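Asker: So here's work11.cif (mmCIF, C-alpha atoms).
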data_structure
#
loop_
_atom_site.group_PDB
_atom_site.id
_atom_site.type_symbol
_atom_site.label_atom_id
_atom_site.label_comp_id
_atom_site.auth_asym_id
_atom_site.auth_seq_id
_atom_site.Cartn_x
_atom_site.Cartn_y
_atom_site.Cartn_z
ATOM 1 C CA MET A 1 24.926 -14.782 14.538
ATOM 2 C CA LYS A 2 25.955 -12.214 17.102
ATOM 3 C CA LYS A 3 23.339 -11.716 19.792
ATOM 4 C CA LYS A 4 22.074 -8.162 20.271
ATOM 5 C CA SER A 5 22.989 -6.535 23.559
ATOM 6 C CA LYS A 6 20.397 -4.869 25.754
ATOM 7 C CA HIS A 7 21.831 -1.510 24.661
ATOM 8 C CA ASP A 8 21.266 -2.336 20.968
ATOM 9 C CA GLN A 9 17.729 -3.548 21.635
ATOM 10 C CA HIS A 10 16.697 -0.314 23.304
ATOM 11 C CA ASN A 11 18.629 1.941 20.895
ATOM 12 C CA PRO A 12 17.725 1.044 17.289
ATOM 13 C CA LYS A 13 20.136 2.128 14.593
ATOM 14 C CA PHE A 14 19.565 5.527 13.030
ATOM 15 C CA THR A 15 18.015 5.301 9.582
ATOM 16 C CA PRO A 16 20.177 7.346 7.176
ATOM 17 C CA GLN A 17 18.356 9.811 4.963
ATOM 18 C CA LEU A 18 19.253 11.659 1.795
ATOM 19 C CA THR A 19 22.322 13.827 2.440
ATOM 20 C CA ILE A 20 23.027 17.164 0.763
ATOM 21 C CA GLY A 21 25.715 15.573 -1.416
ATOM 22 C CA GLN A 22 23.384 12.779 -2.497
ATOM 23 C CA PHE A 23 20.654 15.308 -3.231
ATOM 24 C CA GLU A 24 22.948 17.345 -5.486
ATOM 25 C CA ARG A 25 23.996 14.238 -7.400
ATOM 26 C CA MET A 26 20.410 12.945 -7.777
ATOM 27 C CA PHE A 27 18.944 16.247 -8.938
ATOM 28 C CA PRO A 28 21.525 18.135 -11.003
ATOM 29 C CA ASP A 29 18.912 19.784 -13.226
ATOM 30 C CA GLU A 30 15.207 20.245 -13.858
ATOM 31 C CA ASP A 31 14.835 17.163 -16.057
ATOM 32 C CA ALA A 32 16.189 14.930 -13.296
ATOM 33 C CA CYS A 33 13.576 16.348 -10.928
ATOM 34 C CA ARG A 34 10.770 15.803 -13.422
ATOM 35 C CA THR A 35 11.874 12.237 -14.085
ATOM 36 C CA TYR A 36 11.944 11.521 -10.354
ATOM 37 C CA LEU A 37 8.492 13.062 -9.819
ATOM 38 C CA ALA A 38 7.026 11.066 -12.734
ATOM 39 C CA ASN A 39 8.460 7.794 -11.411
ATOM 40 C CA ARG A 40 7.200 8.473 -7.900
ATOM 41 C CA ARG A 41 3.771 9.721 -8.931
ATOM 42 C CA TRP A 42 3.146 7.166 -11.691
ATOM 43 C CA PRO A 43 5.454 4.159 -11.195
ATOM 44 C CA ASN A 44 3.536 2.165 -13.827
ATOM 45 C CA GLY A 45 3.097 4.945 -16.376
ATOM 46 C CA ALA A 46 1.114 8.166 -16.650
ATOM 47 C CA VAL A 47 -2.386 8.167 -15.167
ATOM 48 C CA CYS A 48 -5.054 10.648 -16.195
ATOM 49 C CA PRO A 49 -5.763 12.907 -13.185
ATOM 50 C CA ARG A 50 -9.336 13.492 -14.371
ATOM 51 C CA CYS A 51 -10.619 9.906 -14.875
ATOM 52 C CA ASN A 52 -7.819 8.195 -12.903
ATOM 53 C CA THR A 53 -7.096 5.561 -15.564
ATOM 54 C CA GLN A 54 -4.158 4.639 -17.792
ATOM 55 C CA ASP A 55 -6.233 3.521 -20.747
ATOM 56 C CA HIS A 56 -5.946 5.704 -23.850
ATOM 57 C CA VAL A 57 -3.351 7.990 -22.222
ATOM 58 C CA TYR A 58 -0.651 9.028 -24.698
ATOM 59 C CA SER A 59 2.411 11.259 -24.557
ATOM 60 C CA ILE A 60 2.481 14.225 -26.897
ATOM 61 C CA THR A 61 5.244 16.248 -28.526
ATOM 62 C CA LYS A 62 5.479 18.775 -25.695
ATOM 63 C CA PRO A 63 7.811 17.343 -23.024
ATOM 64 C CA TRP A 64 6.179 16.069 -19.837
ATOM 65 C CA HIS A 65 2.671 16.418 -21.221
ATOM 66 C CA TRP A 66 0.088 13.760 -22.050
ATOM 67 C CA GLU A 67 -3.422 13.542 -23.386
ATOM 68 C CA CYS A 68 -6.313 11.298 -22.386
ATOM 69 C CA ALA A 69 -8.703 10.172 -25.135
ATOM 70 C CA ASN A 70 -11.232 8.488 -22.844
ATOM 71 C CA PRO A 71 -14.793 9.580 -23.718
ATOM 72 C CA GLU A 72 -15.537 10.763 -20.164
ATOM 73 C CA CYS A 73 -12.526 13.085 -20.303
ATOM 74 C CA ARG A 74 -13.160 14.578 -23.689
ATOM 75 C CA LYS A 75 -14.778 17.948 -24.054
ATOM 76 C CA GLY A 76 -14.475 18.264 -27.792
ATOM 77 C CA ASN A 77 -10.741 17.518 -27.920
ATOM 78 C CA ALA A 78 -8.773 15.030 -25.829
ATOM 79 C CA TYR A 79 -7.952 16.147 -22.284
ATOM 80 C CA ARG A 80 -4.348 17.302 -21.997
ATOM 81 C CA PHE A 81 -2.431 17.422 -18.742
ATOM 82 C CA SER A 82 1.096 17.984 -17.501
ATOM 83 C CA LEU A 83 3.289 16.231 -14.947
ATOM 84 C CA THR A 84 2.512 18.724 -12.179
ATOM 85 C CA VAL A 85 -1.258 19.028 -12.675
ATOM 86 C CA LYS A 86 -3.214 18.431 -9.446
ATOM 87 C CA THR A 87 -0.042 18.458 -7.354
ATOM 88 C CA ILE A 88 1.312 21.139 -5.035
ATOM 89 C CA PHE A 89 3.729 22.092 -7.827
ATOM 90 C CA GLU A 90 0.959 23.057 -10.254
ATOM 91 C CA ASN A 91 1.068 26.604 -11.680
ATOM 92 C CA THR A 92 4.283 27.445 -9.851
ATOM 93 C CA LYS A 93 6.802 29.896 -11.266
ATOM 94 C CA TYR A 94 9.678 28.407 -9.287
ATOM 95 C CA PRO A 95 11.738 25.541 -10.761
ATOM 96 C CA LEU A 96 10.901 22.079 -9.521
ATOM 97 C CA ARG A 97 14.461 21.717 -8.231
ATOM 98 C CA VAL A 98 13.917 24.620 -5.823
ATOM 99 C CA TRP A 99 10.758 22.957 -4.493
ATOM 100 C CA PHE A 100 12.748 19.750 -4.016
ATOM 101 C CA GLN A 101 15.466 21.651 -2.147
ATOM 102 C CA VAL A 102 12.940 23.197 0.239
ATOM 103 C CA PHE A 103 11.238 19.850 0.805
ATOM 104 C CA HIS A 104 14.575 18.172 1.518
ATOM 105 C CA LEU A 105 15.491 20.843 4.065
ATOM 106 C CA MET A 106 12.145 20.479 5.838
ATOM 107 C CA LEU A 107 12.298 16.685 5.967
ATOM 108 C CA THR A 108 15.863 16.496 7.265
ATOM 109 C CA SER A 109 15.422 19.177 9.965
ATOM 110 C CA ARG A 110 14.228 17.286 13.029
ATOM 111 C CA LYS A 111 12.746 20.385 14.625
ATOM 112 C CA GLY A 112 11.730 22.118 11.422
ATOM 113 C CA ILE A 113 13.187 25.020 9.498
ATOM 114 C CA SER A 114 11.714 28.499 9.354
ATOM 115 C CA ALA A 115 10.479 30.194 6.198
ATOM 116 C CA LEU A 116 12.920 33.037 6.866
ATOM 117 C CA GLN A 117 15.826 30.579 6.783
ATOM 118 C CA ILE A 118 14.409 29.027 3.609
ATOM 119 C CA GLN A 119 14.234 32.495 2.053
ATOM 120 C CA ARG A 120 17.921 33.088 2.795
ATOM 121 C CA MET A 121 18.991 29.682 1.491
ATOM 122 C CA ILE A 122 17.079 29.630 -1.810
ATOM 123 C CA GLY A 123 17.351 33.376 -2.447
ATOM 124 C CA SER A 124 13.636 33.929 -2.944
ATOM 125 C CA GLY A 125 12.557 37.489 -3.634
ATOM 126 C CA SER A 126 10.316 37.784 -0.588
ATOM 127 C CA TYR A 127 9.505 36.105 2.689
ATOM 128 C CA SER A 128 5.919 35.513 1.576
ATOM 129 C CA THR A 129 7.159 33.277 -1.269
ATOM 130 C CA ALA A 130 9.113 31.026 1.093
ATOM 131 C CA PHE A 131 6.202 31.050 3.555
ATOM 132 C CA TYR A 132 3.805 29.997 0.801
ATOM 133 C CA MET A 133 6.088 27.186 -0.385
ATOM 134 C CA CYS A 134 6.561 25.789 3.120
ATOM 135 C CA HIS A 135 2.827 25.746 3.824
ATOM 136 C CA ARG A 136 2.011 24.012 0.548
ATOM 137 C CA LEU A 137 4.573 21.346 1.370
ATOM 138 C CA ARG A 138 3.204 20.951 4.905
ATOM 139 C CA ALA A 139 -0.298 20.497 3.514
ATOM 140 C CA SER A 140 0.958 17.605 1.383
ATOM 141 C CA MET A 141 2.231 15.821 4.507
ATOM 142 C CA ASN A 142 -1.280 15.060 5.749
ATOM 143 C CA ASP A 143 -1.686 11.300 5.855
ATOM 144 C CA PRO A 144 -4.545 10.332 3.499
ATOM 145 C CA GLU A 145 -4.307 6.649 4.487
ATOM 146 C CA PHE A 146 -4.718 6.964 8.249
ATOM 147 C CA ARG A 147 -4.865 3.653 10.087
ATOM 148 C CA GLN A 148 -6.251 3.336 13.592
ATOM 149 C CA LEU A 149 -3.721 2.780 16.353
ATOM 150 C CA MET A 150 -3.362 -0.615 17.998
ATOM 151 C CA GLY A 151 -1.393 -2.288 20.766
ATOM 152 C CA ILE A 152 -0.573 -0.021 23.713
ATOM 153 C CA VAL A 153 -1.843 3.479 22.919
ATOM 154 C CA GLU A 154 -1.016 6.612 24.896
ATOM 155 C CA ILE A 155 -3.340 9.607 24.725
ATOM 156 C CA ASP A 156 -2.553 13.048 26.071
ATOM 157 C CA GLU A 157 -3.397 16.679 25.493
ATOM 158 C CA THR A 158 -1.267 19.804 25.554
ATOM 159 C CA TYR A 159 -1.703 23.529 25.073
ATOM 160 C CA MET A 160 0.114 25.699 22.547
ATOM 161 C CA GLY A 161 0.859 29.318 23.318
ATOM 162 C CA GLY A 162 3.175 31.393 25.469
ATOM 163 C CA LYS A 163 2.744 32.384 29.071
ATOM 164 C CA ASP A 164 0.670 35.467 29.685
ATOM 165 C CA ALA A 165 3.431 36.853 31.932
ATOM 166 C CA ASN A 166 5.836 36.859 28.965
ATOM 167 C CA ARG A 167 3.550 38.856 26.664
ATOM 168 C CA HIS A 168 3.941 42.544 25.935
ATOM 169 C CA TRP A 169 1.944 44.747 28.281
ATOM 170 C CA ASP A 170 -0.650 45.652 25.630
ATOM 171 C CA LYS A 171 -1.171 41.973 24.662
ATOM 172 C CA LYS A 172 -1.661 40.508 28.115
ATOM 173 C CA GLN A 173 -4.977 38.717 28.561
ATOM 174 C CA HIS A 174 -4.762 38.434 32.357
ATOM 175 C CA ILE A 175 -5.923 34.815 32.213
ATOM 176 C CA ARG A 176 -4.355 32.145 34.381
ATOM 177 C CA GLY A 177 -3.513 28.565 33.490
ATOM 178 C CA THR A 178 -4.400 27.375 30.000
ATOM 179 C CA GLY A 179 -6.742 30.254 29.202
ATOM 180 C CA GLY A 180 -5.955 31.848 25.863
ATOM 181 C CA LYS A 181 -3.928 28.828 24.690
ATOM 182 C CA ILE A 182 -4.773 26.409 21.870
ATOM 183 C CA PRO A 183 -5.557 22.840 22.987
ATOM 184 C CA VAL A 184 -4.088 19.958 20.991
ATOM 185 C CA ILE A 185 -4.807 16.281 21.563
ATOM 186 C CA GLY A 186 -2.606 13.413 20.436
ATOM 187 C CA ALA A 187 -2.377 9.630 20.514
ATOM 188 C CA ILE A 188 0.621 7.432 19.919
ATOM 189 C CA SER A 189 1.136 3.705 19.607
ATOM 190 C CA ARG A 190 4.175 2.443 21.508
ATOM 191 C CA LYS A 191 7.041 2.208 18.988
ATOM 192 C CA GLY A 192 4.502 3.173 16.318
ATOM 193 C CA ASN A 193 2.794 6.181 14.763
ATOM 194 C CA VAL A 194 1.427 9.358 16.247
ATOM 195 C CA VAL A 195 -1.722 11.286 15.332
ATOM 196 C CA CYS A 196 -2.654 14.678 16.713
ATOM 197 C CA GLN A 197 -5.131 17.434 15.985
ATOM 198 C CA MET A 198 -6.069 20.893 17.166
ATOM 199 C CA ILE A 199 -9.317 21.070 19.156
ATOM 200 C CA GLU A 200 -11.438 23.921 20.439
ATOM 201 C CA HIS A 201 -12.147 22.553 23.914
ATOM 202 C CA ALA A 202 -10.556 19.720 25.900
ATOM 203 C CA ASP A 203 -13.907 18.521 27.223
ATOM 204 C CA MET A 204 -15.197 14.964 27.569
ATOM 205 C CA PRO A 205 -17.250 14.771 24.326
ATOM 206 C CA THR A 206 -14.323 16.081 22.258
ATOM 207 C CA LEU A 207 -11.780 13.722 23.822
ATOM 208 C CA HIS A 208 -14.087 10.724 23.491
ATOM 209 C CA ARG A 209 -14.757 11.474 19.801
ATOM 210 C CA PHE A 210 -11.007 11.651 19.163
ATOM 211 C CA VAL A 211 -10.339 8.365 20.952
ATOM 212 C CA ASN A 212 -13.173 6.653 19.075
ATOM 213 C CA ARG A 213 -11.722 7.817 15.738
ATOM 214 C CA VAL A 214 -8.032 6.962 16.251
ATOM 215 C CA VAL A 215 -8.070 3.768 18.367
ATOM 216 C CA ASP A 216 -8.758 0.311 16.912
ATOM 217 C CA LYS A 217 -11.059 -1.189 19.546
ATOM 218 C CA ASP A 218 -10.477 -4.755 18.315
ATOM 219 C CA LYS A 219 -6.668 -4.628 18.380
ATOM 220 C CA VAL A 220 -5.876 -2.278 21.269
ATOM 221 C CA GLU A 221 -4.284 -3.823 24.354
ATOM 222 C CA LEU A 222 -4.201 -0.788 26.634
ATOM 223 C CA VAL A 223 -5.185 2.871 26.506
ATOM 224 C CA ALA A 224 -2.999 4.908 28.876
ATOM 225 C CA THR A 225 -3.895 8.486 29.855
ATOM 226 C CA ASP A 226 -3.320 10.880 32.711
ATOM 227 C CA GLU A 227 -5.923 11.803 35.298
ATOM 228 C CA HIS A 228 -7.738 14.366 33.088
ATOM 229 C CA ALA A 229 -11.491 14.168 33.792
ATOM 230 C CA GLY A 230 -12.268 14.115 30.060
ATOM 231 C CA TYR A 231 -10.922 10.560 29.789
ATOM 232 C CA GLN A 232 -13.324 9.172 32.367
ATOM 233 C CA TYR A 233 -15.658 6.373 31.294
ATOM 234 C CA LEU A 234 -13.506 5.281 28.339
ATOM 235 C CA SER A 235 -13.754 1.729 29.645
ATOM 236 C CA ARG A 236 -17.498 1.999 30.258
ATOM 237 C CA TRP A 237 -18.657 3.937 27.198
ATOM 238 C CA GLN A 238 -15.994 3.001 24.631
ATOM 239 C CA LYS A 239 -15.358 -0.532 25.968
ATOM 240 C CA LEU A 240 -11.604 0.109 26.035
ATOM 241 C CA PRO A 241 -8.964 -1.308 28.431
ATOM 242 C CA HIS A 242 -8.238 2.057 30.046
ATOM 243 C CA GLU A 243 -5.703 2.820 32.799
ATOM 244 C CA THR A 244 -4.493 6.162 34.154
ATOM 245 C CA VAL A 245 -1.497 7.620 35.958
ATOM 246 C CA ASN A 246 -1.977 10.465 38.403
ATOM 247 C CA HIS A 247 0.540 13.185 37.633
ATOM 248 C CA ARG A 248 -0.821 15.429 40.357
ATOM 249 C CA GLU A 249 0.200 12.843 42.933
ATOM 250 C CA GLY A 250 3.661 12.447 41.413
ATOM 251 C CA GLU A 251 2.847 9.158 39.660
ATOM 252 C CA TYR A 252 4.309 8.999 36.162
ATOM 253 C CA VAL A 253 4.863 5.284 35.548
ATOM 254 C CA ARG A 254 3.008 2.244 36.848
ATOM 255 C CA GLY A 255 4.114 -0.849 35.001
ATOM 256 C CA LEU A 256 3.074 -0.413 31.385
ATOM 257 C CA VAL A 257 0.859 2.557 32.198
ATOM 258 C CA HIS A 258 2.419 5.924 31.324
ATOM 259 C CA THR A 259 2.163 8.738 28.770
ATOM 260 C CA ASN A 260 5.894 9.418 28.471
ATOM 261 C CA THR A 261 6.066 8.520 24.766
ATOM 262 C CA MET A 262 3.346 11.017 23.883
ATOM 263 C CA GLU A 263 4.940 13.658 26.082
ATOM 264 C CA SER A 264 8.280 13.161 24.320
ATOM 265 C CA PHE A 265 6.552 14.013 21.037
ATOM 266 C CA TRP A 266 5.006 17.117 22.628
ATOM 267 C CA SER A 267 8.491 18.111 23.785
ATOM 268 C CA LEU A 268 9.855 17.755 20.238
ATOM 269 C CA LEU A 269 6.943 19.760 18.825
ATOM 270 C CA LYS A 270 7.244 22.565 21.360
ATOM 271 C CA ARG A 271 11.035 22.814 21.069
ATOM 272 C CA GLY A 272 10.567 23.173 17.323
ATOM 273 C CA ILE A 273 7.933 25.876 17.663
ATOM 274 C CA VAL A 274 9.766 27.798 20.385
ATOM 275 C CA GLY A 275 13.264 27.442 18.966
ATOM 276 C CA THR A 276 12.618 27.469 15.204
ATOM 277 C CA TYR A 277 9.315 29.219 14.493
ATOM 278 C CA HIS A 278 8.978 31.237 17.736
ATOM 279 C CA ASN A 279 5.258 31.692 17.162
ATOM 280 C CA VAL A 280 2.548 29.732 15.356
ATOM 281 C CA SER A 281 -0.943 31.105 14.785
ATOM 282 C CA LYS A 282 -4.085 29.076 15.339
ATOM 283 C CA LYS A 283 -4.868 29.344 11.619
ATOM 284 C CA TYR A 284 -1.733 27.466 10.543
ATOM 285 C CA LEU A 285 -1.171 25.197 13.563
ATOM 286 C CA PRO A 286 -2.770 22.118 11.856
ATOM 287 C CA LEU A 287 -0.157 22.360 9.081
ATOM 288 C CA TYR A 288 2.707 22.322 11.584
ATOM 289 C CA LEU A 289 1.125 19.347 13.351
ATOM 290 C CA ALA A 290 1.012 17.521 10.004
ATOM 291 C CA GLU A 291 4.688 18.300 9.370
ATOM 292 C CA PHE A 292 5.933 17.079 12.749
ATOM 293 C CA SER A 293 3.697 14.000 12.637
ATOM 294 C CA PHE A 294 4.931 13.045 9.153
ATOM 295 C CA ARG A 295 8.585 13.298 10.154
ATOM 296 C CA PHE A 296 7.972 11.316 13.337
ATOM 297 C CA ASN A 297 5.930 8.575 11.662
ATOM 298 C CA ASN A 298 8.592 8.124 8.971
ATOM 299 C CA ARG A 299 11.598 8.313 11.288
ATOM 300 C CA HIS A 300 12.647 4.766 10.258
ATOM 301 C CA GLU A 301 11.978 5.384 6.553
ATOM 302 C CA ALA A 302 15.257 5.574 4.628
ATOM 303 C CA ASP A 303 13.553 7.124 1.584
ATOM 304 C CA ILE A 304 11.398 9.648 3.428
ATOM 305 C CA PHE A 305 11.974 12.165 0.624
ATOM 306 C CA GLY A 306 10.639 9.772 -2.021
ATOM 307 C CA LYS A 307 7.605 8.947 0.096
ATOM 308 C CA ALA A 308 6.871 12.646 0.591
ATOM 309 C CA ILE A 309 7.192 13.393 -3.132
ATOM 310 C CA ALA A 310 4.834 10.517 -3.963
ATOM 311 C CA GLY A 311 2.164 12.137 -1.774
ATOM 312 C CA CYS A 312 2.361 15.531 -3.428
#
Please render this file's structure as structure tokens.
Answerer:
Amino acid sequence: MKKKSKHDQHNPKFTPQLTIGQFERMFPDEDACRTYLANRRWPNGAVCPRCNTQDHVYSITKPWHWECANPECRKGNAYRFSLTVKTIFENTKYPLRVWFQVFHLMLTSRKGISALQIQRMIGSGSYSTAFYMCHRLRASMNDPEFRQLMGIVEIDETYMGGKDANRHWDKKQHIRGTGGKIPVIGAISRKGNVVCQMIEHADMPTLHRFVNRVVDKDKVELVATDEHAGYQYLSRWQKLPHETVNHREGEYVRGLVHTNTMESFWSLLKRGIVGTYHNVSKKYLPLYLAEFSFRFNNRHEADIFGKAIAGC
């Protein structure tokens, strides 16, 4: 067996994803999309979305519809449901294939794709339609099975929002530093997953609560942060192996202690927001964080599209 070179070890092979040509061949029509959704949502057969069981669930004459005859589901007649009930595709007027196209574009765009570009590509009647579709898809990317981070974990915070000097004269807030910006905190496991969330204040109680929620205290080897005062006493109060680097003094790496991996994710997020979306409001920022986190955490997943559809 050929031994891997140092270059190969530090540069893992790119995981190929579904190409445009493959997408067109896999989903030529609406029935192909419905078959794919059914197989991803219910790999072992239809499950009643009300009682969450397969017992006494039968297909009916109407295509892609079933009925559940379980007593707890009955309200007079048997409970009937469709393939898209209790998914993000429920009650939509757009074909399922269009939803799949939008999802594919979002998942294969490393820095995201704007709703305005989606509108042009799918030919939707209005920008609000494309905006609505993108946000529903982003909401489905929230990880319902979050697992605490282990190994070497980096934790860092950043601030979203433009510089006050670049704002229009009637929108200037005349606040220096991070005033007027939205704080976001994130944690990443080396060569693993990332988790981030929007916070109101980057103070010690908030940062400690976040660390306590996302870090597995029994399996963590090192928690690396910068010199932010909010991370003080992590070793004393949280009983964590905590080390810091002092960016103010020009120290960015000390052995295994650094936050460069987390900062690379912040760079990807900010380049996407600045270059693709240009502006993100505080109201919708958590949805964009979910989108970027999902793409990053599934960067080695060859079937990222199938995984995303299964979570809808």
Asker: Applying the PyMOL selection byres ((chain A and resi 183-199) around 8) to the file I just gave you, which residues come out? Please list them as a list in words.
Answerer: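 Expected selection for the PyMOL selection byres ((chain A and resi 183-199) around 8) here is Leu149, Met150, Gly151, Ile152, Val153, Glu154, Ile155, Asp156, Glu157, Thr158, Tyr159, Met160, Lys181, Ile182, Glu200, His201, Ala202, Thr206, Leu207, Val214, Thr261, Met262, Leu285, Pro286, Leu289, Ser293, Phe296 and Asn297 of chain A.
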Asker: With all atoms listed in the file as the counted atoms, please give the residues lying no more than 7 Å from segment 58-66 of chain A, apart from itself and same-chain residues fewer than 6 positions off, as a list in words.
Answerer: Arg80, Phe81, Ser82 and Leu83 of chain A
Asker: Check the smallest atom-to-atom distance from each of A:Leu240, A:Ala229, A:Ala310, A:Val253 to Ile88 of chain A using all atoms listed in the file, then report the winner.
Answerer: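 Going through A:Leu240, A:Ala229, A:Ala310, A:Val253 one by one, the smallest distance to Ile88 of chain A is for A:Ala310.
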Asker: Spell out the residues picked by the PyMOL selection byres ((chain A and resi 216) around 6) here, as a short mmCIF file (atom, residue, chain, number, x, y, z; two decimals) with C-alpha atoms, keeping the file's coordinate frame.
Answerer:
data_model
loop_
_atom_site.label_atom_id
_atom_site.label_comp_id
_atom_site.auth_asym_id
_atom_site.auth_seq_id
_atom_site.Cartn_x
_atom_site.Cartn_y
_atom_site.Cartn_z
CA GLN A 148 -6.25 3.34 13.59
CA LEU A 149 -3.72 2.78 16.35
CA MET A 150 -3.36 -0.62 18.00
CA VAL A 215 -8.07 3.77 18.37
CA LYS A 217 -11.06 -1.19 19.55
CA ASP A 218 -10.48 -4.76 18.32
CA LYS A 219 -6.67 -4.63 18.38
CA VAL A 220 -5.88 -2.28 21.27
#
Asker: Which residues fall under the PyMOL selection byres ((chain A and resi 138) around 7) in this file, as a list in words?
Answerer: Cys134, His135, Arg136, Leu137, Ala139, Ser140, Met141, Leu287, Tyr288, Ala290 and Glu291 of chain A
Asker: Determine, counting all atoms listed in the file, which protein, DNA and RNA residues have an atom within 7 Å of an atom of Pro241 of chain A; residues of the same chain fewer than 6 positions away are not included. Present the result as a PDB file with C-alpha atoms, keeping the file's coordinate frame.
Answerer:
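In the end it all went to selection_9.pdb:
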ATOM      1  CA  GLU A 221      -4.284  -3.823  24.354  1.00  0.00           C
ATOM      2  CA  LEU A 222      -4.201  -0.788  26.634  1.00  0.00           C
ATOM      3  CA  VAL A 223      -5.185   2.871  26.506  1.00  0.00           C
ATOM      4  CA  SER A 235     -13.754   1.729  29.645  1.00  0.00           C
TER       5      SER A 235
END
Asker: Rank A:Asn70, A:Phe23, A:Leu96, A:Arg213 by their smallest atom-to-atom distance to Arg147 of chain A, using only C-alpha atoms, and report the top residue only.
Answerer: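 Using only C-alpha atoms, Arg147 of chain A sits closest to A:Arg213.
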Asker: As a compact mmCIF listing (two decimals), in the coordinates of the input, could you write out segment 234-239 of chain A once it has been completed with all heavy atoms?
Answerer:
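The resulting file, result_26.txt, is shown below:
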# COMPACT_ATOMS: atom_id res chain seq x y z
N LEU A 234 -13.94 5.90 29.60
CA LEU A 234 -13.51 5.28 28.34
C LEU A 234 -13.74 3.77 28.37
O LEU A 234 -14.11 3.17 27.36
CB LEU A 234 -12.02 5.57 28.08
CG LEU A 234 -11.66 6.95 27.54
CD1 LEU A 234 -10.15 7.08 27.41
CD2 LEU A 234 -12.34 7.23 26.21
N SER A 235 -13.53 3.18 29.54
CA SER A 235 -13.75 1.73 29.64
C SER A 235 -15.24 1.40 29.63
O SER A 235 -15.66 0.38 29.06
CB SER A 235 -13.11 1.20 30.93
OG SER A 235 -13.61 1.89 32.06
N ARG A 236 -16.06 2.29 30.18
CA ARG A 236 -17.50 2.00 30.26
C ARG A 236 -18.21 2.33 28.95
O ARG A 236 -18.99 1.53 28.44
CB ARG A 236 -18.13 2.80 31.40
CG ARG A 236 -19.62 2.51 31.59
CD ARG A 236 -20.24 3.45 32.62
NE ARG A 236 -19.57 3.35 33.91
CZ ARG A 236 -19.89 4.11 34.96
NH1 ARG A 236 -20.87 5.02 34.86
NH2 ARG A 236 -19.25 3.99 36.11
N TRP A 237 -17.93 3.50 28.40
CA TRP A 237 -18.66 3.94 27.20
C TRP A 237 -18.02 3.44 25.91
O TRP A 237 -18.72 3.11 24.95
CB TRP A 237 -18.76 5.45 27.18
CG TRP A 237 -19.60 6.02 28.29
CD1 TRP A 237 -20.44 5.33 29.11
CD2 TRP A 237 -19.67 7.39 28.69
NE1 TRP A 237 -21.03 6.17 30.01
CE2 TRP A 237 -20.59 7.46 29.78
CE3 TRP A 237 -19.08 8.57 28.27
CZ2 TRP A 237 -20.91 8.65 30.42
CZ3 TRP A 237 -19.38 9.76 28.91
CH2 TRP A 237 -20.30 9.79 29.96
N GLN A 238 -16.67 3.42 25.85
CA GLN A 238 -15.99 3.00 24.63
C GLN A 238 -15.56 1.53 24.66
O GLN A 238 -15.04 1.02 23.66
CB GLN A 238 -14.75 3.88 24.39
CG GLN A 238 -15.03 5.37 24.35
CD GLN A 238 -15.68 5.81 23.07
OE1 GLN A 238 -15.81 5.02 22.14
NE2 GLN A 238 -16.10 7.06 22.99
N LYS A 239 -15.74 0.89 25.82
CA LYS A 239 -15.36 -0.53 25.97
C LYS A 239 -13.87 -0.73 25.70
O LYS A 239 -13.45 -1.68 25.02
CB LYS A 239 -16.19 -1.43 25.04
CG LYS A 239 -17.70 -1.26 25.16
CD LYS A 239 -18.20 -1.57 26.56
CE LYS A 239 -19.71 -1.40 26.65
NZ LYS A 239 -20.22 -1.63 28.04
